[in-house]
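To keep things clear, I will list the structure first and then write my remarks on it.
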Amino acid sequence: MNMRKGIVGIVAILMVVSLMVSCSGKTKSENSKVTVNFWHLDSNDLHYPEWEKIAAKFMETHPNVDIKITVLENEAYKSKLATVMQSGNPPDIFRSWGGGVMNSYAESGLLKDITNEYKNKWDSKIGEGAVGVYSYKGKIYGLPYTMGGVGIWYNKELLAKVGYNTPPETWNDFLDCVKKLKAAGITPIALGEGDKWPGHFWWVYLAVRLGGKEAFDKATIGNGSFNDEPFVKAGELLQELIALKPFQEGFLAATYGGDQAALMGNGKAAMELMGQWAPAVEIGSSADKKGIGDKLGFMSFPAVEGGKGKLTDLMGGGDGLVIGKNAPKEAVEFLKYITSVENEKFLTTGPLGIVPTAIGAETALTDPNLVAINKAVSQAAYFQLYYDQYLPPATGEVVKDATQGLFAGTMGPKEVAAAVAASYQAEKK
Amino acid sequence: MDGKVSAIVGNNGSPGKKVQAKSHDKALFYALLLPAFLLVTLFIIWPVVNTVFYSFYDWNGFGPLKNFVGLKNLRTLFRDPLFWNALRNNGIVILFSVCVQLPIAFLLALLVSKSSSRPTIFFRTVFFLPYILSEIITGVIWRFIYHPQFGLLQQIFAKFAPDYSYTGFLADPKTVFVSILFVIFWKYFGFHMILYVAGLQGIPPEYHEAALIDGANPVQAFIYVTLPFMKNAIQMSLFFCIIGSLQVFDVIWSMGQGGPVHAAETAVVYLYKFGIKSSKMGFGSMVAIVIFVICLLFNVLYQRVINREEK
């Protein structure tokens with residue numbers, strides 16, 4: 001009898017203990033190696049080996065470090081990152097665009113302040129404006145390794161077919177060009193509006209050209225709002241473009257990498273509005289993995305007649321890496337390694353084709369388009385980070401949703417502006 | 001439970017011993033129950049309680065919980081036309097599944113359950129195959145099939161209806177939801193069919209023979225013999241079907257994230273988009289609670305109906 005009682009007791013204790021052990025997670029490993037979890041989103045076949053190479057080189061000189069890389073596709077990355085952030089366990093070093101989304105992480109203490117390390121121990125220097133995008137309240141939480149702008153990428157050959165040897169410089173001329181391309185049976189613009197962020201570029205850029213820095217400051221920190229005239233007008237101008245049906249069939253469900261970049265890379269569409277990474281993704285997404293080569297041209301977004309913004313005003317952003325709150329010091333060391341002049345040159349000349357941030361690495365730029373972007377970044381009087389990263393996350397989602405409504409014809413310019421204004425009002429602190 | 005325990009240990013020895021044995025086995029009973037109880041508490045009850053708690057806050061998911069807003073999230077939710085649109089879409093999935101998917105699955109089950117000849121087994125397997133695929137893979141495959149530039153459908157239209165300009169069913173807010181409904185049908189009808197096949201094969205053939213000898217025609221035999229025997233299978237498949245329709249997410253997400261312009265959003269897609277992706281966990285928790293309550297209400301109602309019928 002007693003023995004049975006004993007067995008019952010033991011069984012119960014075992015079960016509880018095993019449950020506790022399985023919940024408390026990993027036991028400390030005997031291994032003295034430091035693991036650095038590194039998350040990025042350059043999932044293209046040509047691109048992810050670049051990070052593997054850099055990590056391998058780093059581990060060679062730092063044999064006590066084990067860098068574990070997690071690669072996710074863009075949208076999947078954003079979703080998964082939002083989830084791990086909510087669990088309170090950020091990766092050690094991970095891809096970020098800076099701005100409002102990063103600020104909300106920093107505000108909640110999920111990121112590590114690396115101001116000291118950057119100011120005192122860094123080997124390379126990065127432009128102040130670029131570092132600013134990764135700073136919040138005077139503290140630096142990460143660094144960009146590339147910084148660039150969004151503009152119109154065009155297929156020179158296709159534009160020449162309809163008589164444009166130089167690209168259109170004003171919005172009206174741009175619309176004419178679209179009409180001519182359409183008449184010639186060429187898809188004027190490739191767009192992956194299923195992902196929504198590629199389309200929001202159009203609306204934001206028109207607002208930047210129409211209202212300039214003044215309108216944006218008024219709407220965000222002044223006494224104005226996104227209901228102001230430039231933001232409504234941006235929707236109206238965009239509607240004019242949409243009415244010409246310039247996009248490929250089925251663009252509302254198309255994706256950026258799979259459709260938009262592939263159409264450009266295969267020479268099937270004449271133009272796209274995209275950032276500095278466009279040539280690299282076009283090559284990666286094209287059928288022959290070569291893209292259209294020097295037929296690809298870059299121009300800044302057309303000027304809008306009567307707009308207050310300058311032609312040098314640039315909307316864009318950087319790709320950078322930020323450090324999670326629990327990261328070992330080796331993660332910061334790895335970031336320092338990545339942003340060294342030597343490694344940024346390596347990334348610049350490789351398939352990722354970045355526009356580097358480390359001062360001195362820009363000499364590695366050979367592609368005239370990227371040189372032009374690099375120049376535009378350094379000359380921009382007003383640099384606007386993409387809204388979906390700059391604004392609070394919920395408002396960013398509203399901007400993307402609302403502009404998709406405009407593209408689908410279910411929302412008007414006023415409704416788009418009102419939706420963004422209402423969300424910003426509710427979210428700003 | 002108690003009755004059973006005493007019955008097993010039961011009738012040996014004196015009443016005193018019996019009481020002892022009883023309390024002893026009670027200890028074993030609780031000891032064996034404990035792990036399951038802890039697991040359920042830890043992984044089901046505790047998260048639900050937490051979610052209810054969060055739903056009263058305006059919270060982005062990682063900051064401190066400090067902004068108590070009471071029922072504001074619920075009011076926002078009920079005032080959002082997109083939420084009603086999502087619920088309406090759930091209603092359509094349920095209606096479609098119950099009125100179209102289940103009857104077709106039943107008919108097919110009748111066709112493939114009779115014999116165990118090779119062709120029947122072949123078709124049974126083929127019909128069941130889509131169910132084995134993961135939801136995400138299903139979504140990706142069908143994205144390709146529907147693709148406006150190089151999809152299978154586009155090729156078919158180009159060949160047989162060259163005048164029709166196919167723009168991609170997933171890209172048009174008017175057609176996207178119907179296209180996804182078709183995929184849901186394609187994916188799940190095999191599962192219900194197998195449930196019915198199992199039920200049909202469990203009917204002893206004597207009943208049919210008796211009915212036919214008594215002069216029933218095949219239709220009568222179906223109505224008075226087959227259907228009553230199939231009651232349990234139908235009840236079960238209805239339950240799975242409705243709960244599944246309320247929770248449908250993966251297939252829709254992988255075929256365009258509920259877009260364009262919210263046309264294919266269901267309640268869980270809405271939760272994911274406006275709760276998790278927008279970093280509004282407080283609001284998202286409220287959405288989750290509302291979905292939970294809807295499922296719970298359905299479950300209670302369903303059990304009531306079933307129990308009443310059994311009485």
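The chains in the structure tokens are called A, B, ... from first to last as shown; in each chain the residues are counted from 1, and the ligands are counted from 1 in the order shown.
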Considering only C-alpha atoms, give me a table of residues in chain B that are at most 9 Å from chain A, with the closest atom pair and distance in Å for each, as JSON lines.
```
{"residue": "B:His24", "atom": "CA", "partner": "A:Lys5", "partner_atom": "CA", "distance": 7.4}
{"residue": "B:Ala27", "atom": "CA", "partner": "A:Val8", "partner_atom": "CA", "distance": 7.6}
{"residue": "B:Leu28", "atom": "CA", "partner": "A:Val8", "partner_atom": "CA", "distance": 5.9}
{"residue": "B:Tyr30", "atom": "CA", "partner": "A:Ala12", "partner_atom": "CA", "distance": 9.0}
{"residue": "B:Ala31", "atom": "CA", "partner": "A:Ala12", "partner_atom": "CA", "distance": 5.3}
{"residue": "B:Leu32", "atom": "CA", "partner": "A:Ala12", "partner_atom": "CA", "distance": 7.2}
{"residue": "B:Leu34", "atom": "CA", "partner": "A:Ala12", "partner_atom": "CA", "distance": 7.5}
{"residue": "B:Pro35", "atom": "CA", "partner": "A:Met15", "partner_atom": "CA", "distance": 6.3}
{"residue": "B:Leu38", "atom": "CA", "partner": "A:Val16", "partner_atom": "CA", "distance": 8.5}
{"residue": "B:Leu39", "atom": "CA", "partner": "A:Leu19", "partner_atom": "CA", "distance": 8.3}
{"residue": "B:Asn60", "atom": "CA", "partner": "A:Gln86", "partner_atom": "CA", "distance": 8.1}
{"residue": "B:Gly61", "atom": "CA", "partner": "A:Gln86", "partner_atom": "CA", "distance": 4.9}
{"residue": "B:Phe62", "atom": "CA", "partner": "A:Gln86", "partner_atom": "CA", "distance": 5.0}
{"residue": "B:Gly63", "atom": "CA", "partner": "A:Ser108", "partner_atom": "CA", "distance": 4.6}
{"residue": "B:Pro64", "atom": "CA", "partner": "A:Ser108", "partner_atom": "CA", "distance": 7.4}
{"residue": "B:His147", "atom": "CA", "partner": "A:Gly250", "partner_atom": "CA", "distance": 8.0}
{"residue": "B:Pro148", "atom": "CA", "partner": "A:Gly250", "partner_atom": "CA", "distance": 5.8}
{"residue": "B:Gln149", "atom": "CA", "partner": "A:Glu249", "partner_atom": "CA", "distance": 7.6}
{"residue": "B:Tyr166", "atom": "CA", "partner": "A:Glu249", "partner_atom": "CA", "distance": 8.0}
{"residue": "B:Thr167", "atom": "CA", "partner": "A:Gly250", "partner_atom": "CA", "distance": 4.9}
{"residue": "B:Gly168", "atom": "CA", "partner": "A:Gly250", "partner_atom": "CA", "distance": 5.2}
{"residue": "B:Phe169", "atom": "CA", "partner": "A:Gly250", "partner_atom": "CA", "distance": 8.0}
{"residue": "B:Leu170", "atom": "CA", "partner": "A:Ala253", "partner_atom": "CA", "distance": 6.0}
{"residue": "B:Ala171", "atom": "CA", "partner": "A:Ala253", "partner_atom": "CA", "distance": 4.4}
{"residue": "B:Asp172", "atom": "CA", "partner": "A:Leu252", "partner_atom": "CA", "distance": 7.2}
{"residue": "B:Pro173", "atom": "CA", "partner": "A:Ala408", "partner_atom": "CA", "distance": 8.0}
{"residue": "B:Met255", "atom": "CA", "partner": "A:Ala253", "partner_atom": "CA", "distance": 8.7}
{"residue": "B:Gly256", "atom": "CA", "partner": "A:Ala253", "partner_atom": "CA", "distance": 6.3}
{"residue": "B:Gln257", "atom": "CA", "partner": "A:Gly194", "partner_atom": "CA", "distance": 8.2}
{"residue": "B:Gly259", "atom": "CA", "partner": "A:Gly194", "partner_atom": "CA", "distance": 7.1}
{"residue": "B:Pro260", "atom": "CA", "partner": "A:Leu252", "partner_atom": "CA", "distance": 6.0}
{"residue": "B:Val261", "atom": "CA", "partner": "A:Gly405", "partner_atom": "CA", "distance": 5.7}
{"residue": "B:His262", "atom": "CA", "partner": "A:Asp401", "partner_atom": "CA", "distance": 8.6}
{"residue": "B:Lys273", "atom": "CA", "partner": "A:Glu397", "partner_atom": "CA", "distance": 8.6}
{"residue": "B:Phe274", "atom": "CA", "partner": "A:Ala394", "partner_atom": "CA", "distance": 7.7}
{"residue": "B:Ile276", "atom": "CA", "partner": "A:Ala82", "partner_atom": "CA", "distance": 7.0}
{"residue": "B:Lys277", "atom": "CA", "partner": "A:Ser79", "partner_atom": "CA", "distance": 6.3}
{"residue": "B:Ser278", "atom": "CA", "partner": "A:Ala394", "partner_atom": "CA", "distance": 4.3}
{"residue": "B:Ser279", "atom": "CA", "partner": "A:Pro393", "partner_atom": "CA", "distance": 6.3}
{"residue": "B:Lys280", "atom": "CA", "partner": "A:Ala394", "partner_atom": "CA", "distance": 7.2}
{"residue": "B:Met281", "atom": "CA", "partner": "A:Gln86", "partner_atom": "CA", "distance": 8.5}
```
Export of the given selection (C-alpha atoms) as a compact mmCIF listing (two decimals), in the first residue's frame:
```txt
# COMPACT_ATOMS: atom_id res chain seq x y z
CA HIS B 24 -6.01 6.11 -2.31
CA ALA B 27 -4.98 10.39 -5.09
CA LEU B 28 -3.88 8.48 -8.16
CA TYR B 30 -5.71 13.52 -9.18
CA ALA B 31 -2.05 12.77 -9.76
CA LEU B 32 -2.80 11.59 -13.26
CA LEU B 34 -2.50 17.10 -12.67
CA PRO B 35 -0.24 17.33 -15.76
CA LEU B 38 -1.47 22.30 -15.55
CA LEU B 39 -0.99 22.21 -19.31
CA ASN B 60 1.33 48.40 -28.65
CA GLY B 61 2.47 45.01 -27.38
CA PHE B 62 5.84 45.85 -25.92
CA GLY B 63 5.59 48.97 -23.79
CA PRO B 64 4.33 49.03 -20.23
CA HIS B 147 -1.58 34.56 -61.80
CA PRO B 148 -2.49 37.12 -64.51
CA GLN B 149 0.78 36.85 -66.50
CA TYR B 166 -7.97 37.84 -68.05
CA THR B 167 -6.81 40.26 -65.35
CA GLY B 168 -6.26 37.84 -62.51
CA PHE B 169 -9.17 36.81 -60.31
CA LEU B 170 -7.19 37.60 -57.16
CA ALA B 171 -6.54 41.15 -58.30
CA ASP B 172 -10.15 42.21 -58.63
CA PRO B 173 -12.01 43.05 -55.41
CA MET B 255 -3.47 34.32 -51.36
CA GLY B 256 -3.11 38.07 -50.93
CA GLN B 257 -3.47 38.99 -47.26
CA GLY B 259 -6.82 42.16 -50.19
CA PRO B 260 -7.22 43.94 -52.49
CA VAL B 261 -8.97 46.58 -50.42
CA HIS B 262 -10.23 44.25 -47.69
CA LYS B 273 -3.93 42.97 -39.74
CA PHE B 274 -5.26 45.50 -37.27
CA ILE B 276 -0.62 42.36 -34.70
CA LYS B 277 0.63 44.01 -37.90
CA SER B 278 -0.45 47.46 -36.77
CA SER B 279 1.16 46.92 -33.37
CA LYS B 280 -2.11 47.43 -31.53
CA MET B 281 -2.19 44.45 -29.23
```
Could you give me, as a ChimeraX atom specification, the residues within 6 Å of Val322 (chain A), counting only C-alpha atoms and dropping anything in the same chain fewer than 6 positions from it? /A:93-94,141-142
According to DSSP computed on the backbone, where in region 19-239 of chain B is there helix (DSSP H, G or I)? Give the residues as a VMD selection string. chain B and resid 19 to 54 72 to 79 81 to 113 118 to 132 135 to 146 152 to 160 169 to 171 176 to 201 205 to 213 218 to 229 231 to 239
Residues within 9 Å of region 65-71 of chain A, please, as a PyMOL selection string. Count only C-alpha atoms; anything in the same chain fewer than 4 positions from it doesn't count. chain A and resi 33-43+48+51-52+55-56+58-60+77+330-331
Atoms kept (C-alpha atoms) for selection, written as a compact mmCIF listing (two decimals), in the first residue's frame:
```
# COMPACT_ATOMS: atom_id res chain seq x y z
CA LYS A 33 30.86 30.12 -27.78
CA VAL A 34 28.77 33.28 -27.89
CA THR A 35 25.79 33.02 -30.21
CA VAL A 36 24.72 36.12 -32.10
CA ASN A 37 21.30 35.89 -33.72
CA PHE A 38 21.26 37.89 -36.93
CA TRP A 39 18.03 38.46 -38.85
CA HIS A 40 17.83 39.98 -42.30
CA LEU A 41 15.49 39.92 -45.27
CA ASP A 42 17.67 39.71 -48.37
CA SER A 43 16.12 36.40 -49.25
CA TYR A 48 21.63 36.03 -48.95
CA TRP A 51 25.64 38.02 -45.55
CA GLU A 52 26.82 34.46 -45.11
CA ALA A 55 29.46 36.38 -41.19
CA ALA A 56 31.96 33.66 -42.13
CA PHE A 58 33.84 37.65 -39.05
CA MET A 59 33.77 34.24 -37.38
CA GLU A 60 37.20 33.48 -38.78
CA TYR A 77 10.06 39.45 -41.83
CA GLU A 330 29.85 40.65 -29.94
CA ALA A 331 26.71 41.76 -31.82
```
Which neighbours of region 119-136 of chain B fall inside 8 Å, counting only C-alpha atoms, when residues of the same chain fewer than 3 positions from it are skipped, and could you give them as a JSON list (two decimals) with C-alpha atoms, in the first residue's frame?
```
[["chain", "number", "residue", "atom", "x", "y", "z"],
["B", 111, "LEU", "CA", -20.16, 7.35, -55.09],
["B", 112, "VAL", "CA", -16.84, 6.23, -53.64],
["B", 113, "SER", "CA", -17.92, 4.35, -50.52],
["B", 115, "SER", "CA", -17.07, -0.92, -53.15],
["B", 116, "SER", "CA", -13.38, -1.26, -52.52],
["B", 139, "GLY", "CA", -2.32, 29.29, -51.17],
["B", 140, "VAL", "CA", 0.96, 29.55, -53.02],
["B", 186, "TRP", "CA", -11.09, 22.32, -53.18],
["B", 187, "LYS", "CA", -9.01, 21.96, -50.04],
["B", 188, "TYR", "CA", -11.58, 20.77, -47.54],
["B", 189, "PHE", "CA", -14.27, 18.80, -49.37],
["B", 190, "GLY", "CA", -12.10, 15.66, -49.25],
["B", 191, "PHE", "CA", -11.94, 15.80, -45.49],
["B", 193, "MET", "CA", -16.05, 13.24, -47.80],
["B", 194, "ILE", "CA", -13.84, 10.87, -45.79],
["B", 250, "ASP", "CA", -3.95, 30.77, -43.63],
["B", 251, "VAL", "CA", -5.40, 30.13, -47.07],
["B", 254, "SER", "CA", -1.30, 33.35, -48.40]]
```
